[in-house]
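Enquirer: My structure is in upload06.txt, and what it holds is compact mmCIF, C-alpha atoms and all ligand atoms:
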```txt
# COMPACT_ATOMS: atom_id res chain seq x y z
CA MET A 1 -34.72 -26.73 -26.36
CA LEU A 2 -31.43 -27.11 -28.12
CA ILE A 3 -30.99 -23.33 -28.27
CA LEU A 4 -31.75 -22.93 -24.60
CA SER A 5 -29.29 -25.52 -23.47
CA THR A 6 -26.62 -24.11 -25.77
CA GLN A 7 -27.23 -20.70 -24.29
CA GLN A 8 -26.97 -22.14 -20.84
CA ALA A 9 -23.73 -23.88 -21.67
CA LEU A 10 -22.39 -20.68 -23.18
CA SER A 11 -23.28 -18.57 -20.20
CA GLU A 12 -21.82 -21.13 -17.82
CA THR A 13 -18.61 -21.13 -19.84
CA PHE A 14 -18.31 -17.41 -20.42
CA GLN A 15 -20.05 -15.95 -17.37
CA PRO A 16 -17.39 -13.77 -15.83
CA LYS A 17 -16.33 -14.31 -12.27
CA VAL A 18 -15.53 -11.24 -10.22
CA TYR A 19 -12.72 -10.78 -7.71
CA ARG A 20 -12.13 -7.90 -5.35
CA ALA A 21 -9.06 -6.65 -3.55
CA PRO A 22 -8.92 -3.58 -1.29
CA GLY A 23 -6.60 -0.62 -1.05
CA ARG A 24 -5.11 0.18 2.32
CA VAL A 25 -4.26 2.93 4.70
CA ASN A 26 -1.17 2.66 6.84
CA LEU A 27 -1.76 3.81 10.41
CA ILE A 28 1.91 3.81 11.38
CA GLY A 29 5.19 2.23 10.23
CA GLU A 30 6.15 4.07 7.05
CA HIS A 31 9.13 3.06 4.91
CA THR A 32 9.84 0.24 7.34
CA ASP A 33 8.54 -2.73 5.36
CA TYR A 34 11.49 -2.92 2.97
CA ASN A 35 13.81 -2.66 5.99
CA GLN A 36 12.29 -5.83 7.44
CA GLY A 37 10.59 -3.78 10.13
CA PHE A 38 7.09 -3.34 11.56
CA VAL A 39 4.01 -1.85 9.90
CA MET A 40 0.40 -1.36 10.93
CA PRO A 41 -1.90 -0.94 7.93
CA ALA A 42 -5.61 -1.64 7.57
CA ALA A 43 -7.40 -2.68 4.37
CA ILE A 44 -10.02 -0.06 3.49
CA ASP A 45 -13.50 -0.17 2.04
CA PHE A 46 -12.32 0.99 -1.37
CA SER A 47 -11.59 -1.88 -3.73
CA THR A 48 -10.51 -2.79 -7.21
CA TRP A 49 -12.71 -5.32 -9.01
CA VAL A 50 -11.61 -7.67 -11.75
CA ALA A 51 -14.16 -9.53 -13.86
CA ILE A 52 -12.66 -12.46 -15.76
CA ALA A 53 -13.87 -14.97 -18.34
CA PRO A 54 -11.72 -17.67 -19.94
CA ARG A 55 -10.69 -17.73 -23.61
CA GLN A 56 -9.66 -20.64 -25.78
CA ASP A 57 -6.25 -19.17 -26.65
CA ARG A 58 -3.38 -17.99 -24.46
CA LYS A 59 -4.11 -14.30 -24.79
CA LEU A 60 -5.06 -11.85 -22.07
CA SER A 61 -7.25 -8.97 -23.11
CA ILE A 62 -7.44 -6.39 -20.31
CA ARG A 63 -9.60 -3.30 -20.14
CA SER A 64 -9.92 -0.86 -17.29
CA GLU A 65 -12.84 1.47 -16.78
CA ASN A 66 -10.36 3.92 -15.29
CA PHE A 67 -8.11 4.18 -18.36
CA ALA A 68 -8.86 4.61 -22.05
CA GLU A 69 -6.60 2.13 -23.78
CA ALA A 70 -7.20 -1.65 -23.63
CA VAL A 71 -4.32 -4.12 -24.02
CA GLU A 72 -3.93 -7.61 -25.40
CA ILE A 73 -0.92 -9.75 -24.58
CA ASP A 74 0.17 -13.20 -25.62
CA LEU A 75 1.16 -15.35 -22.65
CA ASP A 76 3.46 -17.31 -24.93
CA GLN A 77 5.41 -14.18 -25.83
CA PRO A 78 5.67 -12.34 -22.55
CA ALA A 79 7.50 -9.05 -22.12
CA THR A 80 10.11 -9.06 -19.38
CA GLN A 81 9.56 -5.45 -18.34
CA GLY A 82 6.81 -2.89 -18.23
CA ARG A 83 6.57 -0.03 -20.70
CA GLY A 84 5.24 2.73 -18.46
CA HIS A 85 1.59 1.89 -19.20
CA TRP A 86 -1.23 1.40 -16.68
CA SER A 87 -1.43 -2.25 -17.70
CA ASP A 88 2.10 -2.98 -16.46
CA TYR A 89 0.60 -3.88 -13.06
CA PRO A 90 -1.84 -6.63 -14.14
CA VAL A 91 0.44 -7.81 -16.95
CA GLY A 92 3.37 -7.97 -14.52
CA VAL A 93 1.31 -10.19 -12.22
CA ALA A 94 0.47 -12.54 -15.11
CA VAL A 95 4.14 -12.70 -16.10
CA LYS A 96 5.26 -13.44 -12.53
CA LEU A 97 2.60 -16.12 -12.07
CA GLU A 98 3.80 -17.82 -15.25
CA GLN A 99 7.44 -17.50 -14.22
CA SER A 100 6.64 -19.13 -10.90
CA GLY A 101 5.36 -22.20 -12.72
CA HIS A 102 1.63 -21.60 -13.17
CA ARG A 103 0.37 -22.18 -16.68
CA LEU A 104 -2.37 -19.60 -17.10
CA VAL A 105 -5.48 -19.95 -19.21
CA GLY A 106 -6.16 -17.02 -21.57
CA ALA A 107 -8.82 -14.58 -20.42
CA ASN A 108 -10.85 -11.47 -21.08
CA MET A 109 -10.66 -9.13 -18.11
CA LEU A 110 -12.37 -5.94 -17.09
CA VAL A 111 -11.03 -3.80 -14.23
CA ARG A 112 -13.01 -1.32 -12.19
CA GLY A 113 -11.13 0.61 -9.53
CA GLU A 114 -12.64 2.69 -6.75
CA VAL A 115 -9.36 3.18 -4.86
CA PRO A 116 -8.14 6.71 -5.68
CA ILE A 117 -5.26 6.17 -8.10
CA GLY A 118 -1.79 7.45 -7.25
CA SER A 119 -2.88 8.81 -3.87
CA GLY A 120 -0.94 6.60 -1.49
CA LEU A 121 -3.87 4.24 -0.77
CA SER A 122 -2.32 1.51 -2.90
CA SER A 123 -4.54 1.17 -5.90
CA SER A 124 -1.46 -0.63 -7.28
CA ALA A 125 -1.60 -3.48 -4.74
CA ALA A 126 -5.38 -3.64 -5.14
CA ILE A 127 -5.18 -4.21 -8.91
CA GLU A 128 -2.28 -6.63 -8.52
CA VAL A 129 -3.93 -8.82 -5.91
CA ALA A 130 -7.36 -8.79 -7.60
CA THR A 131 -5.69 -9.72 -10.90
CA GLY A 132 -3.61 -12.44 -9.27
CA LEU A 133 -6.63 -14.07 -7.61
CA ALA A 134 -8.66 -13.83 -10.82
CA LEU A 135 -5.94 -15.33 -13.03
CA LEU A 136 -5.21 -18.17 -10.63
CA GLU A 137 -8.81 -19.24 -10.22
CA ASN A 138 -9.48 -18.80 -13.94
CA SER A 139 -6.67 -21.28 -14.53
CA ASP A 140 -7.76 -23.68 -11.78
CA ALA A 141 -4.46 -22.95 -10.09
CA LYS A 142 -3.85 -22.47 -6.40
CA THR A 143 -1.30 -20.78 -4.27
CA ASP A 144 -1.24 -19.63 -0.67
CA ARG A 145 -1.80 -15.96 0.03
CA VAL A 146 1.69 -15.17 1.25
CA THR A 147 3.05 -16.46 -2.05
CA LEU A 148 0.43 -14.48 -3.96
CA ALA A 149 1.34 -11.27 -2.08
CA LYS A 150 5.03 -11.87 -2.79
CA LEU A 151 4.43 -12.51 -6.50
CA CYS A 152 2.44 -9.28 -6.73
CA GLN A 153 5.28 -7.42 -5.01
CA GLN A 154 7.76 -8.97 -7.45
CA ALA A 155 5.60 -7.81 -10.34
CA GLU A 156 5.79 -4.25 -9.02
CA ASN A 157 9.52 -4.48 -8.18
CA GLU A 158 10.77 -6.19 -11.30
CA PHE A 159 8.17 -5.59 -14.01
CA VAL A 160 6.95 -2.09 -13.13
CA GLY A 161 10.31 -1.01 -11.64
CA MET A 162 8.98 0.28 -8.32
CA ARG A 163 10.91 -1.22 -5.42
CA CYS A 164 8.02 -1.30 -2.93
CA GLY A 165 8.03 -3.48 0.18
CA LEU A 166 5.46 -6.18 0.89
CA MET A 167 3.08 -4.26 3.17
CA ASP A 168 0.48 -3.22 0.59
CA GLN A 169 0.03 -6.58 -1.09
CA PHE A 170 0.09 -8.35 2.25
CA VAL A 171 -2.69 -6.31 3.83
CA SER A 172 -4.73 -6.41 0.62
CA CYS A 173 -4.63 -10.21 0.99
CA PHE A 174 -4.95 -10.52 4.78
CA GLY A 175 -6.91 -7.47 6.00
CA GLU A 176 -9.89 -8.10 8.30
CA SER A 177 -12.85 -5.85 8.76
CA GLY A 178 -12.72 -3.71 11.91
CA HIS A 179 -9.03 -4.46 12.43
CA ALA A 180 -5.60 -3.08 11.75
CA LEU A 181 -2.91 -5.61 10.93
CA MET A 182 0.36 -5.55 12.83
CA LEU A 183 2.93 -7.14 10.55
CA ASP A 184 6.52 -8.07 11.20
CA CYS A 185 8.04 -7.81 7.74
CA ARG A 186 10.96 -10.04 8.66
CA GLY A 187 9.18 -13.31 9.44
CA LEU A 188 5.80 -12.16 8.07
CA ASP A 189 4.11 -12.98 11.36
CA TYR A 190 1.10 -10.81 11.92
CA HIS A 191 -1.71 -10.26 14.35
CA LEU A 192 -4.93 -8.33 14.12
CA LEU A 193 -5.66 -5.36 16.36
CA ALA A 194 -9.29 -4.40 16.88
CA LEU A 195 -9.92 -0.74 16.10
CA PRO A 196 -12.03 1.11 18.64
CA GLU A 197 -15.55 2.00 17.57
CA ASN A 198 -15.59 5.54 18.91
CA VAL A 199 -12.94 6.79 16.46
CA LYS A 200 -12.82 6.96 12.69
CA LEU A 201 -10.00 6.62 10.18
CA VAL A 202 -10.32 9.80 8.16
CA VAL A 203 -8.16 10.04 5.06
CA CYS A 204 -7.48 13.44 3.48
CA ASN A 205 -6.26 13.51 -0.09
CA THR A 206 -4.01 16.49 -0.82
CA MET A 207 -4.80 15.97 -4.54
CA VAL A 208 -1.14 16.34 -5.45
CA LYS A 209 1.41 13.75 -6.45
CA HIS A 210 4.82 15.15 -7.12
CA ASP A 211 6.69 13.58 -10.01
CA LEU A 212 9.66 12.56 -7.95
CA ALA A 213 7.59 10.18 -5.79
CA ASN A 214 8.75 6.94 -7.41
CA SER A 215 12.36 7.92 -8.03
CA GLU A 216 12.76 9.28 -4.49
CA TYR A 217 11.21 6.09 -3.09
CA ASN A 218 13.85 4.02 -4.84
CA ALA A 219 16.52 6.51 -3.73
CA ARG A 220 15.46 6.09 -0.06
CA ARG A 221 15.79 2.35 -0.42
CA ALA A 222 19.31 2.81 -1.74
CA ASP A 223 20.12 5.10 1.24
CA CYS A 224 18.93 2.38 3.63
CA GLU A 225 21.05 -0.24 1.90
CA GLU A 226 24.06 2.05 2.14
CA GLY A 227 23.35 2.53 5.85
CA VAL A 228 23.33 -1.25 6.35
CA ARG A 229 26.54 -1.67 4.39
CA LEU A 230 28.40 0.98 6.41
CA LEU A 231 27.04 0.02 9.82
CA SER A 232 27.62 -3.69 9.35
CA ARG A 233 31.35 -3.05 9.12
CA LYS A 234 31.32 -2.19 12.83
CA LEU A 235 28.18 -4.12 13.80
CA PRO A 236 28.36 -7.47 12.01
CA PHE A 237 24.92 -8.56 13.25
CA VAL A 238 23.26 -5.88 11.10
CA GLY A 239 21.58 -7.48 8.09
CA SER A 240 18.91 -4.82 7.68
CA LEU A 241 17.92 -1.59 9.42
CA ARG A 242 15.54 -3.67 11.51
CA ASP A 243 18.61 -4.68 13.51
CA ILE A 244 19.54 -1.11 14.45
CA THR A 245 18.44 0.93 17.45
CA THR A 246 18.69 4.70 17.72
CA GLY A 247 21.30 4.06 20.42
CA ASP A 248 23.45 2.05 17.97
CA LEU A 249 23.21 4.90 15.52
CA GLN A 250 24.21 7.48 18.07
CA ARG A 251 27.24 5.42 19.04
CA HIS A 252 28.33 4.81 15.45
CA LYS A 253 27.35 8.05 13.79
CA ASP A 254 30.91 8.76 12.70
CA GLN A 255 30.69 5.68 10.44
CA ILE A 256 28.04 7.13 8.16
CA PRO A 257 27.32 10.39 6.32
CA GLU A 258 24.84 12.68 8.05
CA VAL A 259 22.03 12.18 5.50
CA ILE A 260 22.29 8.39 5.63
CA GLY A 261 22.30 8.64 9.42
CA ARG A 262 18.98 10.50 9.36
CA ARG A 263 17.43 7.94 7.02
CA CYS A 264 18.51 5.16 9.40
CA ARG A 265 17.26 7.10 12.41
CA HIS A 266 13.82 7.38 10.86
CA VAL A 267 13.62 3.62 10.31
CA ALA A 268 14.93 2.73 13.77
CA SER A 269 12.69 5.20 15.57
CA GLU A 270 9.66 4.30 13.43
CA ASN A 271 10.05 0.62 14.25
CA SER A 272 9.92 1.35 17.96
CA ARG A 273 6.95 3.67 17.44
CA VAL A 274 5.00 0.88 15.73
CA LEU A 275 5.64 -1.47 18.64
CA GLU A 276 4.59 1.20 21.12
CA ALA A 277 1.53 2.04 19.04
CA ALA A 278 0.45 -1.60 19.00
CA SER A 279 0.59 -1.85 22.78
CA ALA A 280 -1.19 1.52 23.10
CA LEU A 281 -3.99 0.22 20.88
CA GLU A 282 -4.23 -3.00 22.86
CA ARG A 283 -4.85 -1.01 26.04
CA SER A 284 -7.13 1.48 24.22
CA ASP A 285 -4.73 4.33 24.91
CA LEU A 286 -5.64 6.41 21.88
CA GLU A 287 -3.88 9.56 23.12
CA THR A 288 -0.53 7.77 23.05
CA PHE A 289 -1.36 6.24 19.70
CA GLY A 290 -2.12 9.68 18.29
CA GLN A 291 1.08 11.19 19.67
CA LEU A 292 3.08 8.43 18.01
CA MET A 293 1.38 9.25 14.71
CA GLY A 294 2.52 12.87 15.11
CA GLU A 295 6.09 11.78 15.86
CA SER A 296 6.02 9.51 12.83
CA HIS A 297 5.04 12.44 10.62
CA ARG A 298 7.82 14.65 11.95
CA SER A 299 10.36 11.89 11.44
CA LEU A 300 9.19 11.34 7.85
CA ARG A 301 9.34 15.08 7.24
CA ASP A 302 12.69 15.89 8.85
CA ASP A 303 14.76 12.69 8.86
CA TYR A 304 13.42 10.76 5.89
CA GLU A 305 12.43 13.86 3.86
CA VAL A 306 9.49 12.31 2.03
CA SER A 307 6.78 14.79 3.00
CA CYS A 308 5.86 17.92 1.05
CA LYS A 309 4.24 21.25 1.85
CA GLU A 310 0.71 20.03 1.06
CA LEU A 311 1.03 17.01 3.38
CA ASP A 312 2.54 19.16 6.14
CA LEU A 313 -0.27 21.66 5.77
CA MET A 314 -2.91 18.93 5.91
CA VAL A 315 -1.38 17.59 9.12
CA ASP A 316 -1.10 21.08 10.63
CA LEU A 317 -4.76 21.76 9.83
CA ALA A 318 -5.84 18.46 11.38
CA ASN A 319 -3.95 19.22 14.57
CA GLN A 320 -6.01 22.38 15.03
CA VAL A 321 -9.30 20.47 15.22
CA GLU A 322 -10.86 19.21 18.42
CA GLY A 323 -11.19 15.46 18.57
CA VAL A 324 -8.21 14.71 16.33
CA LEU A 325 -6.06 12.22 18.23
CA GLY A 326 -3.30 11.96 15.63
CA ALA A 327 -2.46 12.90 12.04
CA ARG A 328 0.33 11.91 9.69
CA MET A 329 1.16 11.40 6.05
CA THR A 330 0.46 7.86 4.88
CA GLY A 331 2.01 5.94 1.98
CA GLY A 332 5.29 6.69 0.24
CA GLY A 333 4.97 10.50 0.45
CA PHE A 334 5.52 13.48 -1.89
CA GLY A 335 1.77 14.00 -2.03
CA GLY A 336 -1.15 11.65 -1.65
CA CYS A 337 -2.98 11.33 1.61
CA THR A 338 -2.85 11.88 5.34
CA ILE A 339 -4.42 9.54 7.88
CA ASN A 340 -6.24 11.11 10.80
CA LEU A 341 -7.55 9.38 13.87
CA VAL A 342 -10.66 11.37 14.75
CA ARG A 343 -13.24 10.91 17.50
CA SER A 344 -16.53 9.97 15.83
CA GLU A 345 -18.44 12.94 17.19
CA ASN A 346 -15.88 15.37 15.74
CA VAL A 347 -15.70 13.94 12.23
CA ASP A 348 -18.19 16.37 10.70
CA SER A 349 -16.51 19.47 12.07
CA PHE A 350 -13.14 18.04 11.03
CA LYS A 351 -14.35 17.60 7.47
CA GLN A 352 -15.82 21.09 7.36
CA PHE A 353 -12.66 22.68 8.67
CA VAL A 354 -10.34 20.90 6.23
CA ALA A 355 -12.71 21.46 3.30
CA ARG A 356 -12.64 25.20 4.04
CA GLU A 357 -9.01 25.79 5.02
CA TYR A 358 -7.10 23.55 2.64
CA PRO A 359 -8.42 25.17 -0.58
CA GLU A 360 -7.82 28.60 0.89
CA ALA A 361 -4.14 27.82 1.33
CA THR A 362 -3.55 25.74 -1.80
CA GLY A 363 -6.29 26.48 -4.33
CA ARG A 364 -7.11 22.73 -4.43
CA ASN A 365 -10.19 20.96 -3.17
CA PRO A 366 -9.26 18.04 -0.94
CA GLU A 367 -11.11 14.74 -1.04
CA ILE A 368 -11.92 13.38 2.40
CA TYR A 369 -12.77 9.72 2.93
CA VAL A 370 -14.09 8.33 6.20
CA CYS A 371 -12.80 4.77 5.90
CA ALA A 372 -13.75 1.56 7.60
CA ALA A 373 -11.17 -1.19 8.07
CA ALA A 374 -12.28 -3.81 5.56
CA GLN A 375 -11.89 -7.43 4.58
CA GLY A 376 -9.01 -8.55 2.35
CA ALA A 377 -9.25 -9.93 -1.18
CA GLU A 378 -11.96 -12.41 -2.10
CA ARG A 379 -14.22 -13.64 -4.84
CA ALA A 380 -17.13 -11.23 -5.06
CA GLU A 381 -20.55 -12.58 -5.93
P1 LIG B 401 -1.09 4.11 -5.56
O1 LIG B 401 -0.71 2.68 -5.36
O2 LIG B 401 -0.67 4.99 -4.43
O3 LIG B 401 -2.51 4.33 -5.90
P2 LIG B 401 0.78 3.85 -7.73
O4 LIG B 401 1.49 4.86 -8.56
O5 LIG B 401 1.62 2.92 -6.93
O6 LIG B 401 -0.25 4.64 -6.82
O7 LIG B 401 -0.15 2.94 -8.66
C1 LIG B 401 -1.03 3.52 -9.56
C2 LIG B 401 -1.00 2.74 -10.86
O8 LIG B 401 -1.62 1.44 -10.69
C3 LIG B 401 -1.80 3.40 -11.96
O9 LIG B 401 -1.04 4.38 -12.64
C4 LIG B 401 -2.12 2.22 -12.87
O10 LIG B 401 -1.01 1.86 -13.64
C5 LIG B 401 -2.35 1.10 -11.86
N1 LIG B 401 -3.78 1.04 -11.50
C6 LIG B 401 -4.31 1.22 -10.28
N2 LIG B 401 -5.66 1.10 -10.30
C7 LIG B 401 -6.00 0.83 -11.58
C8 LIG B 401 -7.24 0.62 -12.27
N3 LIG B 401 -8.40 0.66 -11.63
N4 LIG B 401 -7.19 0.37 -13.60
C9 LIG B 401 -6.01 0.31 -14.23
N5 LIG B 401 -4.82 0.51 -13.65
C10 LIG B 401 -4.79 0.78 -12.34
MG MG B 402 1.26 1.93 -5.12
```
So, in terms of structure tokens, how does the structure I just supplied come out?
Ligand code: ADP
Ligand code: MG

Expert:
Amino acid sequence: MLILSTQQALSETFQPKVYRAPGRVNLIGEHTDYNQGFVMPAAIDFSTWVAIAPRQDRKLSIRSENFAEAVEIDLDQPATQGRGHWSDYPVGVAVKLEQSGHRLVGANMLVRGEVPIGSGLSSSAAIEVATGLALLENSDAKTDRVTLAKLCQQAENEFVGMRCGLMDQFVSCFGESGHALMLDCRGLDYHLLALPENVKLVVCNTMVKHDLANSEYNARRADCEEGVRLLSRKLPFVGSLRDITTGDLQRHKDQIPEVIGRRCRHVASENSRVLEAASALERSDLETFGQLMGESHRSLRDDYEVSCKELDLMVDLANQVEGVLGARMTGGGFGGCTINLVRSENVDSFKQFVAREYPEATGRNPEIYVCAAAQGAERAE
């Protein structure tokens, strides 16, 4: 009797709880989030899972099934910066939660990720948000989801050293199944857009990630900031590139170097494409939506210069297939994935075509995921 009830007490105390947060695919609105612009991502049905059980001390022991080396950290002696290790992401979230005033309870944690890692589908936001939810609930602490998303972003910006915008963490928190999320990154207002049932979100992984991805991302952010600084001398209302139209740029192009001008033009034109794409989706005009995706890709390739030959090839291949309404790179660029809007009845032939042609041109086998728009982060039973 005594043994049984002790066992019961033990399992109630140490039974792990499991939390899930999804990756995302961005339909349109790339490199606009950190310019306070518009984005239209959807959470996808690939998630990262975090199992957590409390400990008596203030240590966090974190293992991931996707990486070999486990880590243990002491919450009372936190690092202030990452060390280039996979665990920087969950550790950074713990550090930011503590810095924001939450006193965390120590825990043993196990991570299992099914979001392809480093492929532009934001496995990083998925592990951050799942970790954040797990640590908060394990400590009986609460925060609203916007604050959670922002703390996760801060972890990535300040602890990992990657100056990402808020889109990924936001949609991992707020995604809804069957819907894309139209987010205004200035006020963080958002609304959900139902995705039509006769088309699929098909994601093609180029299986490359060029080394310069993170450094070039940060360099593009610096270009945008320089654009704001130069343009605001003539246009005092400009606080971010969100405030600029392509017309403004044309009129004031002598104020900025040519390269900076192209970076700004991408952001300005992309913001208007997202708005147009949202109204196209609302009236079920998928042809227009697809054309805007194509324009977005060309702008990212030529003006923002974040594509690469594998992404361009993947988009070119997609555009040769019947039933493909639109194709573009998705995520930060320099490798990773494309997003393709494909009529349901053409998905099989699309997959076959890409699976045959892409290896022929590159020697690499692509992974192709037919994604559903999924629910945001939650406790998983
Ligand atoms: P993306 O977000 O496009 O997948 P990033 O380079 O931004 O690529 O983030 C990938 C990093 O996030 C990994 O190198 C690792 O540090 C961390 N990460 C993501 N998923 C996991 C996981 N399942 N287990 C451990 N670390 C993970
Ligand atoms: Mg990432």

Enquirer: Is it possible to get the axis-aligned box enclosing stretch 41-51 of chain A (all listed atoms, 4 Å extra per side) as AutoDock Vina command-line options, with centre and edge lengths in Å rounded to one decimal?

Expert:
```
--center_x -8.0 --center_y -4.3 --center_z -3.0 --size_x 20.3 --size_y 18.5 --size_z 29.8
```

Enquirer: At a cut-off of 10 Å around ligand LIG 401 (chain B), and using only C-alpha atoms and all ligand atoms, what residues come up? Please write them as a PDB file with C-alpha atoms, in the coordinates of the input.

Expert:
```pdb
ATOM      1  CA  GLY A  23      -6.600  -0.620  -1.050  1.00  0.00           C
ATOM      2  CA  ARG A  24      -5.110   0.180   2.320  1.00  0.00           C
ATOM      3  CA  SER A  47     -11.590  -1.880  -3.730  1.00  0.00           C
ATOM      4  CA  THR A  48     -10.510  -2.790  -7.210  1.00  0.00           C
ATOM      5  CA  TRP A  49     -12.710  -5.320  -9.010  1.00  0.00           C
ATOM      6  CA  VAL A  50     -11.610  -7.670 -11.750  1.00  0.00           C
ATOM      7  CA  ILE A  62      -7.440  -6.390 -20.310  1.00  0.00           C
ATOM      8  CA  ARG A  63      -9.600  -3.300 -20.140  1.00  0.00           C
ATOM      9  CA  SER A  64      -9.920  -0.860 -17.290  1.00  0.00           C
ATOM     10  CA  GLU A  65     -12.840   1.470 -16.780  1.00  0.00           C
ATOM     11  CA  ASN A  66     -10.360   3.920 -15.290  1.00  0.00           C
ATOM     12  CA  PHE A  67      -8.110   4.180 -18.360  1.00  0.00           C
ATOM     13  CA  ALA A  68      -8.860   4.610 -22.050  1.00  0.00           C
ATOM     14  CA  GLU A  69      -6.600   2.130 -23.780  1.00  0.00           C
ATOM     15  CA  ALA A  70      -7.200  -1.650 -23.630  1.00  0.00           C
ATOM     16  CA  GLY A  84       5.240   2.730 -18.460  1.00  0.00           C
ATOM     17  CA  HIS A  85       1.590   1.890 -19.200  1.00  0.00           C
ATOM     18  CA  TRP A  86      -1.230   1.400 -16.680  1.00  0.00           C
ATOM     19  CA  SER A  87      -1.430  -2.250 -17.700  1.00  0.00           C
ATOM     20  CA  ASP A  88       2.100  -2.980 -16.460  1.00  0.00           C
ATOM     21  CA  TYR A  89       0.600  -3.880 -13.060  1.00  0.00           C
ATOM     22  CA  PRO A  90      -1.840  -6.630 -14.140  1.00  0.00           C
ATOM     23  CA  LEU A 110     -12.370  -5.940 -17.090  1.00  0.00           C
ATOM     24  CA  VAL A 111     -11.030  -3.800 -14.230  1.00  0.00           C
ATOM     25  CA  ARG A 112     -13.010  -1.320 -12.190  1.00  0.00           C
ATOM     26  CA  GLY A 113     -11.130   0.610  -9.530  1.00  0.00           C
ATOM     27  CA  GLU A 114     -12.640   2.690  -6.750  1.00  0.00           C
ATOM     28  CA  VAL A 115      -9.360   3.180  -4.860  1.00  0.00           C
ATOM     29  CA  PRO A 116      -8.140   6.710  -5.680  1.00  0.00           C
ATOM     30  CA  ILE A 117      -5.260   6.170  -8.100  1.00  0.00           C
ATOM     31  CA  GLY A 118      -1.790   7.450  -7.250  1.00  0.00           C
ATOM     32  CA  SER A 119      -2.880   8.810  -3.870  1.00  0.00           C
ATOM     33  CA  GLY A 120      -0.940   6.600  -1.490  1.00  0.00           C
ATOM     34  CA  LEU A 121      -3.870   4.240  -0.770  1.00  0.00           C
ATOM     35  CA  SER A 122      -2.320   1.510  -2.900  1.00  0.00           C
ATOM     36  CA  SER A 123      -4.540   1.170  -5.900  1.00  0.00           C
ATOM     37  CA  SER A 124      -1.460  -0.630  -7.280  1.00  0.00           C
ATOM     38  CA  ALA A 125      -1.600  -3.480  -4.740  1.00  0.00           C
ATOM     39  CA  ALA A 126      -5.380  -3.640  -5.140  1.00  0.00           C
ATOM     40  CA  ILE A 127      -5.180  -4.210  -8.910  1.00  0.00           C
ATOM     41  CA  GLU A 128      -2.280  -6.630  -8.520  1.00  0.00           C
ATOM     42  CA  GLU A 156       5.790  -4.250  -9.020  1.00  0.00           C
ATOM     43  CA  VAL A 160       6.950  -2.090 -13.130  1.00  0.00           C
ATOM     44  CA  MET A 162       8.980   0.280  -8.320  1.00  0.00           C
ATOM     45  CA  CYS A 164       8.020  -1.300  -2.930  1.00  0.00           C
ATOM     46  CA  ASP A 168       0.480  -3.220   0.590  1.00  0.00           C
ATOM     47  CA  LYS A 209       1.410  13.750  -6.450  1.00  0.00           C
ATOM     48  CA  ALA A 213       7.590  10.180  -5.790  1.00  0.00           C
ATOM     49  CA  ASN A 214       8.750   6.940  -7.410  1.00  0.00           C
ATOM     50  CA  THR A 330       0.460   7.860   4.880  1.00  0.00           C
ATOM     51  CA  GLY A 331       2.010   5.940   1.980  1.00  0.00           C
ATOM     52  CA  GLY A 332       5.290   6.690   0.240  1.00  0.00           C
ATOM     53  CA  GLY A 333       4.970  10.500   0.450  1.00  0.00           C
ATOM     54  CA  GLY A 335       1.770  14.000  -2.030  1.00  0.00           C
ATOM     55  CA  GLY A 336      -1.150  11.650  -1.650  1.00  0.00           C
ATOM     56  CA  CYS A 337      -2.980  11.330   1.610  1.00  0.00           C
TER      57      CYS A 337
END
```

Enquirer: Give as a ChimeraX atom specification each residue that has an atom at most 6 Å from (-15.3, -9.4, -15.2) in the file, counting only C-alpha atoms.

Expert: /A:16-18,50-52,109-110

Enquirer: Which residue gives the smallest distance to ligand MG 402 (chain B) among A:Gly29, A:Gly37, A:Gly161, A:Gly106, with only C-alpha atoms and all ligand atoms counted?

Expert: A:Gly161

Enquirer: Which residues, written as a tab-separated table (two decimals) with C-alpha atoms, keeping the file's coordinate frame, have at least one atom at most 10 Å from A:Val370, with all atoms listed in the file counted and residues fewer than 2 positions away on the same chain left out?

Expert:
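Dumped everything to around-v2.tsv:
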```tsv
chain	number	residue	atom	x	y	z
A	44	ILE	CA	-10.02	-0.06	3.49
A	45	ASP	CA	-13.50	-0.17	2.04
A	200	LYS	CA	-12.82	6.96	12.69
A	201	LEU	CA	-10.00	6.62	10.18
A	202	VAL	CA	-10.32	9.80	8.16
A	203	VAL	CA	-8.16	10.04	5.06
A	204	CYS	CA	-7.48	13.44	3.48
A	339	ILE	CA	-4.42	9.54	7.88
A	340	ASN	CA	-6.24	11.11	10.80
A	342	VAL	CA	-10.66	11.37	14.75
A	347	VAL	CA	-15.70	13.94	12.23
A	351	LYS	CA	-14.35	17.60	7.47
A	368	ILE	CA	-11.92	13.38	2.40
A	372	ALA	CA	-13.75	1.56	7.60
```

Enquirer: Please measure the separation of atom CA of A:Glu176 and atom CA of A:Ser284, giving the value in Å to one decimal.

Expert: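 Distance between the two atoms: 18.8 Å.
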
Enquirer: For a quick check of understanding, using all atoms listed in the file, which of A:Arg343, A:His31, A:Arg186, A:Lys96 has the smallest distance to A:Lys150?

Expert: A:Lys96

Enquirer: So the first atom is atom CA of A:Pro257 and the second is atom CA of A:Arg220; what is the distance between them in Å, to one decimal place?

Expert: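 Going from atom CA of A:Pro257 over to atom CA of A:Arg220 covers 14.1 Å.
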
Enquirer: Return the single residue from A:His191, A:Phe159, A:Val105, A:Asn35 that is closest to A:Arg83, with distances computed using all atoms listed in the file.

Expert: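 Comparing A:His191, A:Phe159, A:Val105, A:Asn35 against A:Arg83, the winner is A:Phe159.
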
Enquirer: Looking at all atoms listed in the file, which of A:Leu75, A:Arg283, A:Gly376, A:Leu300 is the one that sits closest to A:Ala130?

Expert: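 Once distances to A:Ala130 are computed over all atoms listed in the file, the minimum belongs to A:Gly376.
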